[in-house]
Structure formats: C-alpha cells, structure tokens
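> Dropping in query_26.txt, with compact mmCIF, C-alpha atoms and all ligand atoms.
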# COMPACT_ATOMS: atom_id res chain seq x y z
CA MET A 1 0.00 0.00 0.00
CA LEU A 2 2.78 2.44 0.90
CA GLU A 3 4.30 2.02 -2.55
CA VAL A 4 1.27 3.89 -3.90
CA LEU A 5 2.15 7.15 -2.13
CA PRO A 6 4.87 8.30 -4.61
CA LYS A 7 2.49 7.48 -7.47
CA ILE A 8 -0.25 9.57 -5.83
CA ALA A 9 2.16 12.48 -5.47
CA LYS A 10 3.03 12.20 -9.16
CA MET A 11 -0.65 12.15 -10.14
CA GLN A 12 -1.37 15.21 -7.99
CA ALA A 13 1.55 17.09 -9.54
CA SER A 14 0.35 16.11 -13.02
CA TYR A 15 -3.14 17.41 -12.25
CA ALA A 16 -1.76 20.69 -10.96
CA LEU A 17 0.39 21.10 -14.08
CA GLY A 18 -2.37 19.95 -16.44
CA LYS A 19 -0.13 17.40 -18.15
CA PRO A 20 0.82 13.83 -17.23
CA LEU A 21 4.22 13.16 -15.69
CA ALA A 22 3.62 9.39 -15.95
CA PRO A 23 1.06 6.88 -17.25
CA PRO A 24 -2.04 6.56 -15.04
CA MET A 25 -1.89 4.61 -11.79
CA ASN A 26 -5.32 3.07 -12.51
CA LEU A 27 -5.77 1.33 -15.84
CA THR A 28 -8.91 -0.43 -17.03
CA ILE A 29 -8.44 -2.88 -19.88
CA SER A 30 -11.69 -3.74 -21.62
CA VAL A 31 -10.64 -7.04 -23.15
CA SER A 32 -13.68 -7.60 -25.38
CA TYR A 33 -17.22 -6.35 -25.88
CA ARG A 34 -18.39 -9.96 -26.23
CA CYS A 35 -20.80 -10.88 -23.46
CA ASN A 36 -23.18 -13.73 -22.70
CA SER A 37 -25.38 -11.52 -20.48
CA ARG A 38 -28.21 -9.36 -21.78
CA CYS A 39 -28.51 -6.87 -18.92
CA LYS A 40 -31.21 -4.23 -18.87
CA THR A 41 -28.49 -1.74 -17.88
CA CYS A 42 -26.02 -2.48 -20.69
CA ASN A 43 -25.89 -2.73 -24.48
CA VAL A 44 -22.16 -3.31 -24.81
CA TRP A 45 -22.67 -6.79 -26.29
CA GLN A 46 -24.09 -5.13 -29.42
CA ARG A 47 -20.87 -3.27 -30.20
CA PRO A 48 -18.66 -4.61 -33.01
CA ASN A 49 -15.60 -6.60 -31.96
CA ASP A 50 -12.04 -5.96 -33.00
CA ASP A 51 -10.17 -7.28 -29.99
CA PHE A 52 -6.49 -6.78 -29.27
CA THR A 53 -4.34 -9.89 -29.57
CA LEU A 54 -1.93 -11.08 -26.90
CA GLU A 55 0.97 -9.67 -28.92
CA GLU A 56 -0.70 -6.27 -28.99
CA TYR A 57 -1.23 -6.37 -25.23
CA GLU A 58 2.39 -7.35 -24.68
CA LYS A 59 3.67 -4.29 -26.57
CA THR A 60 1.18 -2.04 -24.75
CA PHE A 61 2.03 -3.31 -21.27
CA ALA A 62 5.74 -3.00 -22.01
CA SER A 63 5.19 0.67 -22.81
CA VAL A 64 3.14 1.30 -19.64
CA GLY A 65 5.74 -0.30 -17.37
CA ARG A 66 5.62 -0.04 -13.58
CA ALA A 67 3.67 3.22 -13.43
CA ALA A 68 0.25 1.59 -13.19
CA TYR A 69 -0.68 0.01 -9.87
CA TRP A 70 -4.34 -0.88 -10.13
CA PHE A 71 -5.55 -2.88 -13.15
CA THR A 72 -9.13 -3.82 -14.00
CA PHE A 73 -9.75 -6.40 -16.72
CA SER A 74 -13.34 -5.80 -17.75
CA GLY A 75 -15.55 -6.32 -20.76
CA GLY A 76 -18.04 -7.48 -21.92
CA GLU A 77 -17.46 -10.62 -19.93
CA PRO A 78 -13.67 -10.87 -19.49
CA THR A 79 -13.64 -14.58 -18.69
CA LEU A 80 -14.95 -15.34 -22.20
CA ARG A 81 -11.39 -14.75 -23.38
CA LYS A 82 -9.54 -18.05 -23.12
CA ASP A 83 -6.25 -16.19 -23.06
CA LEU A 84 -7.18 -14.04 -20.04
CA PRO A 85 -4.56 -15.73 -17.79
CA GLU A 86 -1.83 -15.22 -20.40
CA MET A 87 -2.91 -11.60 -20.88
CA ILE A 88 -2.75 -10.95 -17.14
CA GLY A 89 0.57 -12.79 -17.01
CA LEU A 90 1.92 -10.23 -19.50
CA ALA A 91 0.58 -7.33 -17.42
CA TYR A 92 2.31 -8.92 -14.42
CA LYS A 93 5.57 -9.36 -16.29
CA TYR A 94 5.84 -5.73 -17.42
CA CYS A 95 3.74 -3.71 -14.95
CA ARG A 96 3.71 -5.82 -11.75
CA PRO A 97 0.28 -4.49 -10.61
CA GLY A 98 -0.44 -4.22 -6.90
CA VAL A 99 -4.13 -4.91 -7.50
CA ILE A 100 -5.87 -6.78 -10.31
CA ASN A 101 -9.64 -6.50 -10.40
CA ILE A 102 -11.84 -8.79 -12.52
CA PRO A 103 -15.65 -8.56 -12.67
CA THR A 104 -17.58 -11.62 -13.85
CA ASN A 105 -21.19 -12.54 -14.54
CA GLY A 106 -20.48 -16.10 -13.36
CA ILE A 107 -22.42 -17.72 -16.22
CA GLN A 108 -19.69 -20.12 -17.35
CA ASP A 109 -19.70 -21.98 -14.04
CA LYS A 110 -17.64 -24.91 -15.32
CA ILE A 111 -14.90 -22.70 -16.74
CA ILE A 112 -14.51 -19.59 -14.61
CA PRO A 113 -12.97 -21.05 -11.42
CA GLY A 114 -10.27 -22.84 -13.43
CA ARG A 115 -9.56 -19.74 -15.50
CA ILE A 116 -9.27 -17.60 -12.39
CA GLU A 117 -6.94 -20.15 -10.79
CA LYS A 118 -4.60 -19.70 -13.75
CA VAL A 119 -4.82 -15.92 -13.27
CA LEU A 120 -3.84 -16.33 -9.62
CA GLN A 121 -0.84 -18.38 -10.67
CA ALA A 122 0.10 -15.88 -13.37
CA ALA A 123 0.18 -12.93 -10.93
CA PRO A 124 1.40 -14.45 -7.65
CA THR A 125 2.30 -11.22 -5.83
CA SER A 126 -0.65 -9.12 -7.01
CA ASP A 127 -3.86 -8.91 -4.99
CA VAL A 128 -6.39 -10.47 -7.35
CA ILE A 129 -9.98 -9.40 -6.66
CA VAL A 130 -12.79 -11.18 -8.48
CA ASN A 131 -16.21 -9.59 -8.11
CA LEU A 132 -19.26 -11.66 -8.98
CA SER A 133 -22.10 -9.54 -10.37
CA LEU A 134 -25.34 -9.96 -8.46
CA ASP A 135 -28.28 -7.73 -9.36
CA GLY A 136 -31.04 -9.70 -7.63
CA VAL A 137 -31.77 -12.89 -5.76
CA GLY A 138 -33.12 -15.89 -7.70
CA GLU A 139 -35.32 -15.12 -10.70
CA LYS A 140 -35.03 -11.38 -10.11
CA HIS A 141 -31.34 -11.62 -10.96
CA ASP A 142 -32.13 -13.50 -14.16
CA GLN A 143 -34.67 -10.84 -15.17
CA VAL A 144 -32.24 -7.95 -14.71
CA ARG A 145 -29.36 -9.82 -16.38
CA GLY A 146 -31.53 -11.18 -19.21
CA VAL A 147 -30.38 -14.83 -18.94
CA LYS A 148 -32.53 -17.62 -17.57
CA GLY A 149 -30.67 -19.74 -15.04
CA ASN A 150 -27.96 -17.09 -14.54
CA PHE A 151 -28.50 -16.99 -10.76
CA GLU A 152 -28.02 -20.75 -10.31
CA ARG A 153 -24.91 -20.72 -12.48
CA ALA A 154 -23.53 -17.68 -10.68
CA MET A 155 -23.97 -19.46 -7.35
CA ARG A 156 -22.07 -22.50 -8.67
CA THR A 157 -19.31 -20.23 -9.92
CA TYR A 158 -19.19 -18.51 -6.54
CA ALA A 159 -18.81 -21.87 -4.78
CA GLY A 160 -16.02 -22.85 -7.18
CA LEU A 161 -14.23 -19.57 -6.59
CA LYS A 162 -14.61 -19.88 -2.83
CA GLU A 163 -12.72 -23.17 -2.96
CA LEU A 164 -9.71 -21.27 -4.29
CA LYS A 165 -9.63 -19.08 -1.20
CA GLY A 166 -7.82 -21.62 0.95
CA ARG A 167 -5.11 -22.17 -1.63
CA TYR A 168 -4.29 -18.66 -2.81
CA LYS A 169 -3.45 -15.97 -0.28
CA ASN A 170 -3.51 -13.31 -3.02
CA PHE A 171 -7.19 -13.94 -3.77
CA THR A 172 -10.11 -11.75 -2.67
CA LEU A 173 -13.63 -12.81 -3.57
CA GLY A 174 -16.25 -10.10 -3.77
CA VAL A 175 -19.82 -9.49 -4.85
CA HIS A 176 -20.79 -6.46 -6.90
CA THR A 177 -24.29 -5.06 -7.33
CA VAL A 178 -25.30 -2.40 -9.82
CA ILE A 179 -28.17 -0.44 -8.30
CA SER A 180 -30.51 0.62 -11.08
CA ASN A 181 -34.16 1.47 -11.52
CA PHE A 182 -34.69 -2.25 -12.18
CA ASN A 183 -33.58 -3.51 -8.76
CA ILE A 184 -33.45 -0.63 -6.28
CA ASP A 185 -36.58 -1.88 -4.54
CA GLU A 186 -34.85 -5.25 -4.06
CA PHE A 187 -31.57 -3.93 -2.74
CA ASP A 188 -32.21 -4.69 0.95
CA ASN A 189 -32.97 -8.28 -0.03
CA ILE A 190 -29.78 -8.53 -2.08
CA HIS A 191 -27.76 -7.01 0.75
CA SER A 192 -29.19 -9.47 3.32
CA PHE A 193 -28.57 -12.43 1.03
CA VAL A 194 -24.97 -11.40 0.43
CA ARG A 195 -24.29 -10.70 4.10
CA ASN A 196 -25.98 -13.81 5.50
CA GLU A 197 -25.52 -16.44 2.79
CA LEU A 198 -22.57 -15.61 0.57
CA GLN A 199 -20.36 -13.83 3.11
CA PRO A 200 -17.82 -12.55 0.57
CA ASP A 201 -14.62 -10.73 1.46
CA ASN A 202 -16.09 -7.59 -0.14
CA PHE A 203 -19.52 -6.35 -1.06
CA ILE A 204 -19.54 -3.33 -3.32
CA SER A 205 -22.38 -1.56 -5.00
CA GLU A 206 -22.31 0.92 -7.80
CA ILE A 207 -25.12 3.09 -9.05
CA ALA A 208 -26.06 2.44 -12.68
CA GLU A 209 -24.64 5.30 -14.73
CA GLU A 210 -25.47 6.05 -18.31
CA ARG A 211 -22.25 5.49 -20.25
CA VAL A 212 -21.26 6.09 -23.84
CA GLU A 213 -19.22 2.87 -23.57
CA LEU A 214 -22.30 0.81 -22.76
CA ASP A 215 -24.55 2.69 -25.17
CA THR A 216 -26.96 3.47 -22.33
CA VAL A 217 -27.11 7.26 -22.56
CA GLY A 218 -30.72 8.43 -22.33
CA MET A 219 -32.05 5.05 -21.12
CA GLY A 220 -33.09 6.36 -17.70
CA ILE A 221 -31.45 3.53 -15.74
CA THR A 222 -30.10 5.68 -12.88
CA PRO A 223 -32.33 5.76 -9.80
CA PRO A 224 -33.25 9.19 -8.39
CA VAL A 225 -31.43 10.31 -5.24
CA SER A 226 -34.73 10.20 -3.32
CA LYS A 227 -34.78 6.41 -3.78
CA TYR A 228 -31.02 5.85 -3.70
CA GLN A 229 -30.30 7.73 -0.47
CA PRO A 230 -32.30 5.63 2.02
CA VAL A 231 -31.13 2.40 0.39
CA ILE A 232 -27.44 3.25 0.41
CA GLU A 233 -27.59 4.66 3.91
CA GLY A 234 -28.68 1.23 5.12
CA LEU A 235 -25.48 -0.16 3.63
CA GLN A 236 -23.46 2.68 5.15
CA ARG A 237 -24.89 1.91 8.59
CA ASP A 238 -23.60 -1.64 8.19
CA ILE A 239 -20.16 -0.39 7.19
CA ARG A 240 -19.97 1.89 10.21
CA THR A 241 -21.02 -0.74 12.73
CA ALA A 242 -19.16 -3.74 11.29
CA GLU A 243 -16.15 -5.24 13.03
CA TYR A 244 -12.88 -5.26 11.15
CA ASP A 245 -9.96 -7.66 11.36
CA GLY A 246 -7.22 -5.40 10.14
CA THR A 247 -6.12 -1.94 9.13
CA ILE A 248 -6.44 -2.55 5.38
CA GLU A 249 -10.05 -3.63 5.82
CA ARG A 250 -10.78 -0.50 7.89
CA ILE A 251 -9.21 1.73 5.25
CA THR A 252 -11.13 0.04 2.45
CA GLN A 253 -14.44 0.41 4.25
CA SER A 254 -13.74 4.04 5.13
CA PHE A 255 -13.18 4.84 1.46
CA ARG A 256 -16.32 2.92 0.56
CA ASP A 257 -18.39 4.92 3.02
CA ARG A 258 -17.04 8.15 1.61
CA TYR A 259 -17.69 6.98 -1.93
CA TYR A 260 -21.38 6.51 -1.14
CA ASP A 261 -21.51 10.04 0.27
CA ILE A 262 -19.94 11.31 -2.93
CA VAL A 263 -22.53 9.47 -5.03
CA LYS A 264 -25.39 11.02 -3.09
CA ARG A 265 -23.94 14.48 -3.47
CA THR A 266 -23.15 13.99 -7.16
CA LEU A 267 -26.76 13.03 -7.84
CA THR A 268 -28.00 16.06 -5.90
CA GLU A 269 -25.53 18.75 -6.88
CA LYS A 270 -24.79 17.55 -10.43
CA ARG A 271 -21.11 18.49 -10.36
CA GLN A 272 -17.73 16.98 -9.53
CA ILE A 273 -17.75 16.76 -5.73
CA ILE A 274 -14.01 16.20 -5.58
CA PRO A 275 -11.72 16.84 -8.57
CA CYS A 276 -11.85 14.09 -11.19
CA LEU A 277 -8.39 12.91 -12.21
CA ALA A 278 -9.55 10.77 -15.12
CA GLY A 279 -7.10 11.51 -17.93
CA ILE A 280 -4.31 11.81 -15.37
CA ALA A 281 -4.63 9.08 -12.75
CA SER A 282 -7.07 6.75 -14.51
CA ALA A 283 -7.69 5.64 -18.07
CA GLN A 284 -9.33 2.88 -20.06
CA ILE A 285 -8.18 0.93 -23.09
CA ALA A 286 -11.02 -0.25 -25.33
CA PRO A 287 -10.82 -3.71 -26.95
CA ASN A 288 -9.62 -2.20 -30.25
CA GLY A 289 -6.86 -0.13 -28.61
CA ASP A 290 -8.69 3.18 -28.36
CA VAL A 291 -7.58 5.01 -25.20
CA TRP A 292 -10.24 6.83 -23.18
CA THR A 293 -9.94 9.07 -20.15
CA CYS A 294 -13.02 7.26 -18.81
CA CYS A 295 -15.79 4.96 -19.98
CA ILE A 296 -18.56 7.46 -19.25
CA ARG A 297 -17.41 9.84 -21.98
CA ALA A 298 -15.58 7.14 -23.97
CA GLU A 299 -13.98 9.68 -26.30
CA SER A 300 -10.86 8.27 -27.89
CA VAL A 301 -7.72 10.34 -27.39
CA GLY A 302 -5.86 8.09 -29.82
CA ASN A 303 -5.52 4.45 -30.87
CA LEU A 304 -2.59 2.34 -29.73
CA ARG A 305 -2.38 0.60 -33.11
CA GLU A 306 -1.72 3.98 -34.73
CA HIS A 307 0.95 4.87 -32.16
CA ASN A 308 3.02 1.68 -32.37
CA TYR A 309 1.49 0.51 -29.05
CA ASP A 310 3.25 3.30 -27.18
CA PHE A 311 0.90 4.32 -24.38
CA SER A 312 2.72 7.57 -23.59
CA SER A 313 2.44 8.66 -27.21
CA VAL A 314 -1.36 8.28 -27.12
CA TRP A 315 -1.50 9.84 -23.66
CA ASN A 316 0.08 13.04 -24.97
CA THR A 317 -2.00 13.74 -28.05
CA PRO A 318 -3.71 17.15 -28.44
CA LYS A 319 -7.05 15.40 -27.91
CA ALA A 320 -5.81 13.96 -24.60
CA HIS A 321 -4.74 17.41 -23.43
CA ASP A 322 -8.09 18.87 -24.48
CA MET A 323 -9.96 16.20 -22.52
CA ARG A 324 -7.87 17.00 -19.44
CA ARG A 325 -8.74 20.67 -19.76
CA SER A 326 -12.44 19.85 -20.11
CA ILE A 327 -12.45 17.51 -17.08
CA LYS A 328 -10.53 19.95 -14.90
CA ALA A 329 -12.94 22.72 -15.90
CA GLY A 330 -15.77 20.60 -14.52
CA GLU A 331 -17.49 20.12 -17.88
CA CYS A 332 -18.58 16.63 -16.79
CA TYR A 333 -19.50 14.89 -13.56
CA CYS A 334 -20.51 11.36 -12.61
CA PRO A 335 -20.37 8.85 -9.75
CA LEU A 336 -18.26 6.26 -11.64
CA ALA A 337 -16.79 4.05 -8.91
CA ASN A 338 -13.56 3.15 -10.66
CA ALA A 339 -12.55 6.77 -11.21
CA SER A 340 -13.98 7.92 -7.88
CA TYR A 341 -11.78 5.63 -5.77
CA THR A 342 -8.68 6.90 -7.55
CA ASN A 343 -9.92 10.47 -7.17
CA MET A 344 -10.32 9.95 -3.42
CA LEU A 345 -6.81 8.50 -3.16
CA CYS A 346 -5.43 11.56 -4.93
CA HIS A 347 -7.49 14.04 -2.89
CA THR A 348 -5.39 14.97 0.12
CA PRO A 349 -8.30 16.14 2.35
CA THR A 350 -10.13 12.84 1.79
CA LEU A 351 -6.97 10.83 2.34
CA ALA A 352 -6.20 12.72 5.55
CA SER A 353 -9.75 12.32 6.80
CA VAL A 354 -9.70 8.55 6.21
CA GLY A 355 -6.34 8.36 7.97
CA VAL A 356 -7.66 10.20 11.03
CA LYS A 357 -10.82 8.09 11.22
CA VAL A 358 -8.97 4.81 10.77
CA ALA A 359 -6.41 5.75 13.41
CA GLY A 360 -9.29 6.68 15.74
CA GLY A 361 -10.89 3.28 15.15
CA ILE A 362 -7.66 1.45 15.88
CA VAL A 363 -7.07 3.37 19.10
CA GLY A 364 -10.69 2.87 20.11
CA SER A 365 -10.55 -0.89 19.59
CA ALA A 366 -7.20 -1.14 21.39
CA LEU A 367 -8.67 0.66 24.40
CA SER A 368 -11.82 -1.44 24.41
CA GLY A 369 -9.96 -4.68 23.75
CA LYS A 370 -12.38 -5.59 20.94
CA LYS A 371 -12.10 -5.93 17.20
CA GLY A 372 -12.62 -2.43 15.92
CA LYS A 373 -15.86 -1.00 14.77
CA SER A 374 -15.54 1.75 12.27
CA SER A 375 -15.68 5.05 14.07
CA LYS A 376 -18.58 7.19 12.96
CA LEU A 377 -17.51 8.67 9.66
CA ARG A 378 -18.44 12.32 9.47
CA ASP A 379 -16.93 15.60 8.43
CA LEU A 380 -16.16 14.37 4.95
CA PRO A 381 -14.01 17.06 3.38
CA VAL A 382 -15.32 17.30 -0.13
CA MET A 383 -15.04 20.12 -2.56
CA ASN A 384 -15.30 20.53 -6.27
CA ALA A 385 -12.53 21.50 -8.62
CA ALA A 386 -13.63 25.11 -8.83
CA HIS A 387 -13.61 25.60 -5.05
CA GLU A 388 -10.35 23.79 -4.48
CA ALA A 389 -8.31 26.36 -6.36
CA HIS A 390 -9.05 29.14 -3.93
CA ASP A 391 -10.30 27.87 -0.61
CA GLU A 392 -10.04 25.05 1.86
CA GLU A 393 -13.69 24.76 2.68
CA GLN A 394 -14.74 21.54 4.38
CA VAL A 395 -18.28 20.42 3.83
CA THR A 396 -20.04 18.29 6.38
CA VAL A 397 -22.23 15.58 4.95
CA GLU A 398 -25.44 14.79 6.75
CA ALA A 399 -25.72 11.42 8.43
S1 LIG B 1 -16.28 13.20 -13.93
FE1 LIG B 1 -17.01 11.20 -14.71
S2 LIG B 1 -17.46 11.63 -16.88
FE2 LIG B 1 -16.09 13.27 -16.16
S3 LIG B 1 -14.04 12.53 -16.63
FE3 LIG B 1 -14.49 11.98 -14.50
S4 LIG B 1 -15.19 9.85 -14.68
FE4 LIG B 1 -15.39 10.75 -16.72
Show me the file's structure as structure tokens.

Amino acid sequence: MLEVLPKIAKMQASYALGKPLAPPMNLTISVSYRCNSRCKTCNVWQRPNDDFTLEEYEKTFASVGRAAYWFTFSGGEPTLRKDLPEMIGLAYKYCRPGVINIPTNGIQDKIIPGRIEKVLQAAPTSDVIVNLSLDGVGEKHDQVRGVKGNFERAMRTYAGLKELKGRYKNFTLGVHTVISNFNIDEFDNIHSFVRNELQPDNFISEIAEERVELDTVGMGITPPVSKYQPVIEGLQRDIRTAEYDGTIERITQSFRDRYYDIVKRTLTEKRQIIPCLAGIASAQIAPNGDVWTCCIRAESVGNLREHNYDFSSVWNTPKAHDMRRSIKAGECYCPLANASYTNMLCHTPTLASVGVKVAGGIVGSALSGKKGKSSKLRDLPVMNAAHEAHDEEQVTVEA
C-alpha cells in the first residue's frame, strides 16, 4: 500500500500542471465487448468486436511499465477470453500491478474457477480481486441480467471460486451489485442475502450510470437520489457498525463509506464533488486499442495501433490534453466508482480524513480490547474542482 504514495504524489503534480508526468496509476483494460449476459443496464454486447491480440497487449504493457498500480480487466465478460490468464501474465511481467480487479457474470460456471486459478498463478504477488455480479436474488437476478438460469450458475461459480480461497493468499472474492431502476426496490434483499448467505470478502455496490461505452445514454437507468439515499444509507450503517480484522479492511471500508456520500452528493448537486483525475490518474483501453480518459465519456484520445502501441504517445496527443482541460474545468461529472476511488486516493483532504478516522478506530478498539468497529464517519471534506483552487472549505455531509 505504501508504494502507492509516490504514485499519488506524481498524479497530484500532473493534475496541478495539467499534463501527465507518468502513465495513469489506474488502468482499465476492456478485453472484449463480447458478453453472454443481456442486462437491462447495458448494451455493450451489441458493439462490433475488434479485440487486441496477446501480442498487442504485450507491446502495450511493455510501454506502460511499472507506473500503473491498479488494473481492472473488464468487458463485456472478461472470462470469455480463453487467453485471459496469459494476458494478465503479461501485465504482471511488465507492470507488476499491486491490485488486479476482474468482474464476472459467473455464467460459465464450469470454466470460470479454473480460468481464475490460472490468473492467480500468473500474478502471484498481485492482490487479485474477483467480483461476482449480483443484481437480484433468484429469478429477479435473471430478469435484470436477461439470462434464464444465470442466478443458479452464478452461485455455482461462486462456490467454485470460494474453494480457491484456501489455496491462494492473493485472492479476494467479492460481490458487486449495480443499483438501477430495475432492482433498487430489491436492494435490501440482495444485501441481506450477500451478508448472510454468501459472506464474501467484499460487497460493493455501484449506481447504474449512463455510459457512452455501454450505449446506455438516455435510457433512464439511474435511480433518483430520493430512492437511492435511504437504500445506500442502510449499507453505510452496516459499514460503520461492522467489526474489522485489520487496518487494510478499515481503510477500504472508510473509502467505501465516503464513496457513497460522494454518489449522493453527485446526484443532488450535479457536479464533480471532488476533482476528477480521469485523464491523469485513470484511463481505459477499449478492446480495439482506443484510449479513453473514462468509460462514461468514452472519447478516444488516440488508438494504440496507430501509435506503435506506445501508451505515452497516445497519452500526450492534443485530444488527450483537451480532454484533461475539459475535465478539470468541470465540464462533466458522474459517480463512476472506478474513477472515484482513484480520485479519493489523490485528494489529500479525503486521504487525511480517512487516515484520522482509521487511526481513531484502531485506538478505540485497542482501548476497548475488541475488534474495531468503524468510528462514525463524518466531516467528509469534499469540494469541487472550482472551489479547491481558492479555498479550503470543508463540507459536512449529513448522516
Ligand atoms: S467526472 Fe465522470 S465523466 Fe467526467 S471525466 Fe471523470 S469519470 Fe469521466
């Protein structure tokens, strides 16, 4: 974790200067648009395919080098690619990621656990996090995901993945729920099922955003804040009263709690609540090699095939600089989780606040002799890009 601090400093300096001093610390690789789900919240499976080959990934990862720390291999459904372990092995060889994140729909229950085991072997010192998508319980999940029998298959996949836990110390198994207008009324049920039955290492939820990448702009999938707020505050109450085994878990949960506050405020205030460092600290590579600052806007700043697979070359095009200017000027806002977690890491007031709260929790549990509960997380210092330039206002978020 400490090895991230110099990278954060570099990202902050890049943001201040308005030009990148290094490749992003958070890289999402969309390995294919192919998908065997038919979710109500996603049309990505309809996009044409022109996927990078392993050789193309090797050249790209060699050019990125050790700058990137946090990799997400997404899709489409990433486990549909038979060469996913080899691809991640190449990322490991050249970039040595600290964290590798892989979402899965769990449909290929006979294949996914074995494929993930090969990933774990290919990246032995990276923390590999696999998040199973769960958007309902039983038939409700199948309805939202558009595949009959998906829930049963996903549960078999989950059981297969859980068996890997005892054998691979670098493996974290999570569950991920997209909260949309199609399942927000079911969220408490999903949350109870995950907490009581599945008991994953992580449970994360993300609000359904309309993304250019997923061809969902204008579909009205995002729930209104009036419905989202009470639902997510139930989850936040759980986070704040849960008992934690270690410091890393406390830190993770503190960031998660703050992320949910940011989502609520983004929906209400319709602006960047803390500065977005997409285009500096985070980026996405589309299956055909287009490089985006983020998947919400999904505007290509250049294609790796046209730049001899040199990431820095694409990262420094005039279009990339223009996107950075636009983002810094606050011309877009969203609650995208992937970018938001990086933004929080690079936002000194948020980082300091998490540090203080986590330290308070540790001291509190040491004094009480119990495993630590999260101390009550308040006084979230959030500010938008425009404010940050000229004041140090701290905004208190309501409980
Ligand atoms: S605020 Fe959202 S849409 Fe704008 S650049 Fe950041 S992640 Fe993308």
> Rounded to one decimal place, report the atom CA of Thr348 of chain A-atom CA of Glu3 of chain A distance in Å.
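Between atom CA of Thr348 of chain A and atom CA of Glu3 of chain A the gap is 16.4 Å.
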> Find the nearest atom pair between each residue of chain A and ligand LIG 1 (chain B) for residues within 10 Å, count all atoms listed in the file, give distances in Å to one decimal, sort rows by chain and ascending number, and present the table as a tab-separated table.

residue	atom	partner	partner_atom	distance
A:Glu209	CA	B:LIG1	FE1	9.6
A:Glu210	CA	B:LIG1	S2	9.9
A:Arg211	CA	B:LIG1	S2	8.5
A:Val212	CA	B:LIG1	S2	9.7
A:Thr266	CA	B:LIG1	S1	9.7
A:Arg271	CA	B:LIG1	S1	8.0
A:Gln272	CA	B:LIG1	S1	6.0
A:Ile273	CA	B:LIG1	S1	9.1
A:Ile274	CA	B:LIG1	S1	9.2
A:Pro275	CA	B:LIG1	S1	7.9
A:Cys276	CA	B:LIG1	FE3	4.7
A:Leu277	CA	B:LIG1	FE3	6.6
A:Ala278	CA	B:LIG1	S3	5.1
A:Gly279	CA	B:LIG1	S3	7.1
A:Ile280	CA	B:LIG1	S3	9.8
A:Ser282	CA	B:LIG1	S4	8.7
A:Ala283	CA	B:LIG1	S4	9.2
A:Trp292	CA	B:LIG1	FE4	9.1
A:Thr293	CA	B:LIG1	S3	6.4
A:Cys294	CA	B:LIG1	FE4	4.7
A:Cys295	CA	B:LIG1	FE4	6.7
A:Ile296	CA	B:LIG1	S2	4.9
A:Arg297	CA	B:LIG1	S2	5.4
A:Ala298	CA	B:LIG1	FE4	8.1
A:Glu299	CA	B:LIG1	FE4	9.7
A:Met323	CA	B:LIG1	S3	8.1
A:Arg324	CA	B:LIG1	S3	8.1
A:Ser326	CA	B:LIG1	S3	8.3
A:Ile327	CA	B:LIG1	S3	5.2
A:Lys328	CA	B:LIG1	S3	8.4
A:Ala329	CA	B:LIG1	FE2	10.0
A:Gly330	CA	B:LIG1	S1	7.4
A:Glu331	CA	B:LIG1	FE2	7.2
A:Cys332	CA	B:LIG1	FE2	4.2
A:Tyr333	CA	B:LIG1	S1	3.7
A:Cys334	CA	B:LIG1	FE1	4.1
A:Pro335	CA	B:LIG1	FE1	6.4
A:Leu336	CA	B:LIG1	S4	5.6
A:Ala337	CA	B:LIG1	S4	8.3
A:Asn338	CA	B:LIG1	S4	8.0
A:Ala339	CA	B:LIG1	S4	5.3
A:Ser340	CA	B:LIG1	S4	7.2
A:Asn343	CA	B:LIG1	FE3	8.8
> With all atoms listed in the file as the basis for distance, which of A:Val263, A:Asn189, A:Met25, A:Met155 is at the shortest distance from Ala9 of chain A?
A:Met25
> Which of these residues is nearest to Arg145 of chain A, using only C-alpha atoms: A:Pro78, A:Pro113, A:Gly106, A:Pro124?
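Ranked by minimum distance to Arg145 of chain A, first place goes to A:Gly106.
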> As an exercise, work out the distance from atom CA of Ser32 of chain A to atom CA of Asp51 of chain A in Å and give it to one decimal place.
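Between these atoms lies a distance of 5.8 Å.
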> Set out as a Markdown table a contact list for segment 112-165 of chain A and segment 90-100 of chain A with a cut-off of 7 Å, giving each residue of segment 112-165 of chain A that qualifies its closest atom pair and distance in Å to one decimal, counting all atoms listed in the file, ordered by chain and rising residue number.

| residue | atom | partner | partner_atom | distance |
| --- | --- | --- | --- | --- |
| A:Ala123 | CA | A:Tyr92 | CA | 5.7 |
| A:Ser126 | CA | A:Gly98 | CA | 4.9 |
| A:Asp127 | CA | A:Val99 | CA | 4.7 |
| A:Val128 | CA | A:Ile100 | CA | 4.8 |
| A:Ile129 | CA | A:Ile100 | CA | 6.1 |
> So how many Å separate atom CA of Ser74 of chain A and atom CA of Ser30 of chain A, to one decimal?
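Separating atom CA of Ser74 of chain A from atom CA of Ser30 of chain A is a distance of 4.7 Å.
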> Would you kindly place N, CA and C atoms on segment 207-219 of chain A and return the model as a tab-separated table (two decimals), in the coordinates of the input?

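Written out: out_8.tsv:
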chain	number	residue	atom	x	y	z
A	207	ILE	N	-23.87	2.63	-8.45
A	207	ILE	CA	-25.12	3.09	-9.05
A	207	ILE	C	-25.01	2.97	-10.57
A	208	ALA	N	-26.08	2.59	-11.22
A	208	ALA	CA	-26.06	2.44	-12.68
A	208	ALA	C	-25.92	3.82	-13.32
A	209	GLU	N	-24.80	4.03	-14.03
A	209	GLU	CA	-24.64	5.30	-14.73
A	209	GLU	C	-24.91	5.07	-16.21
A	210	GLU	N	-25.32	6.14	-16.86
A	210	GLU	CA	-25.47	6.05	-18.31
A	210	GLU	C	-24.10	6.33	-18.93
A	211	ARG	N	-23.61	5.37	-19.70
A	211	ARG	CA	-22.25	5.49	-20.25
A	211	ARG	C	-22.28	5.40	-21.77
A	212	VAL	N	-21.44	6.21	-22.39
A	212	VAL	CA	-21.26	6.09	-23.84
A	212	VAL	C	-20.74	4.69	-24.16
A	213	GLU	N	-19.80	4.20	-23.34
A	213	GLU	CA	-19.22	2.87	-23.57
A	213	GLU	C	-20.30	1.79	-23.69
A	214	LEU	N	-21.27	1.86	-22.80
A	214	LEU	CA	-22.30	0.81	-22.76
A	214	LEU	C	-23.50	1.12	-23.62
A	215	ASP	N	-23.46	2.27	-24.32
A	215	ASP	CA	-24.55	2.69	-25.17
A	215	ASP	C	-25.86	2.78	-24.38
A	216	THR	N	-25.78	3.38	-23.18
A	216	THR	CA	-26.96	3.47	-22.33
A	216	THR	C	-27.39	4.92	-22.08
A	217	VAL	N	-26.77	5.86	-22.79
A	217	VAL	CA	-27.11	7.26	-22.56
A	217	VAL	C	-28.57	7.52	-22.97
A	218	GLY	N	-29.32	8.12	-22.05
A	218	GLY	CA	-30.72	8.43	-22.33
A	218	GLY	C	-31.68	7.31	-21.98
A	219	MET	N	-31.17	6.19	-21.42
A	219	MET	CA	-32.05	5.05	-21.12
A	219	MET	C	-32.79	5.18	-19.79
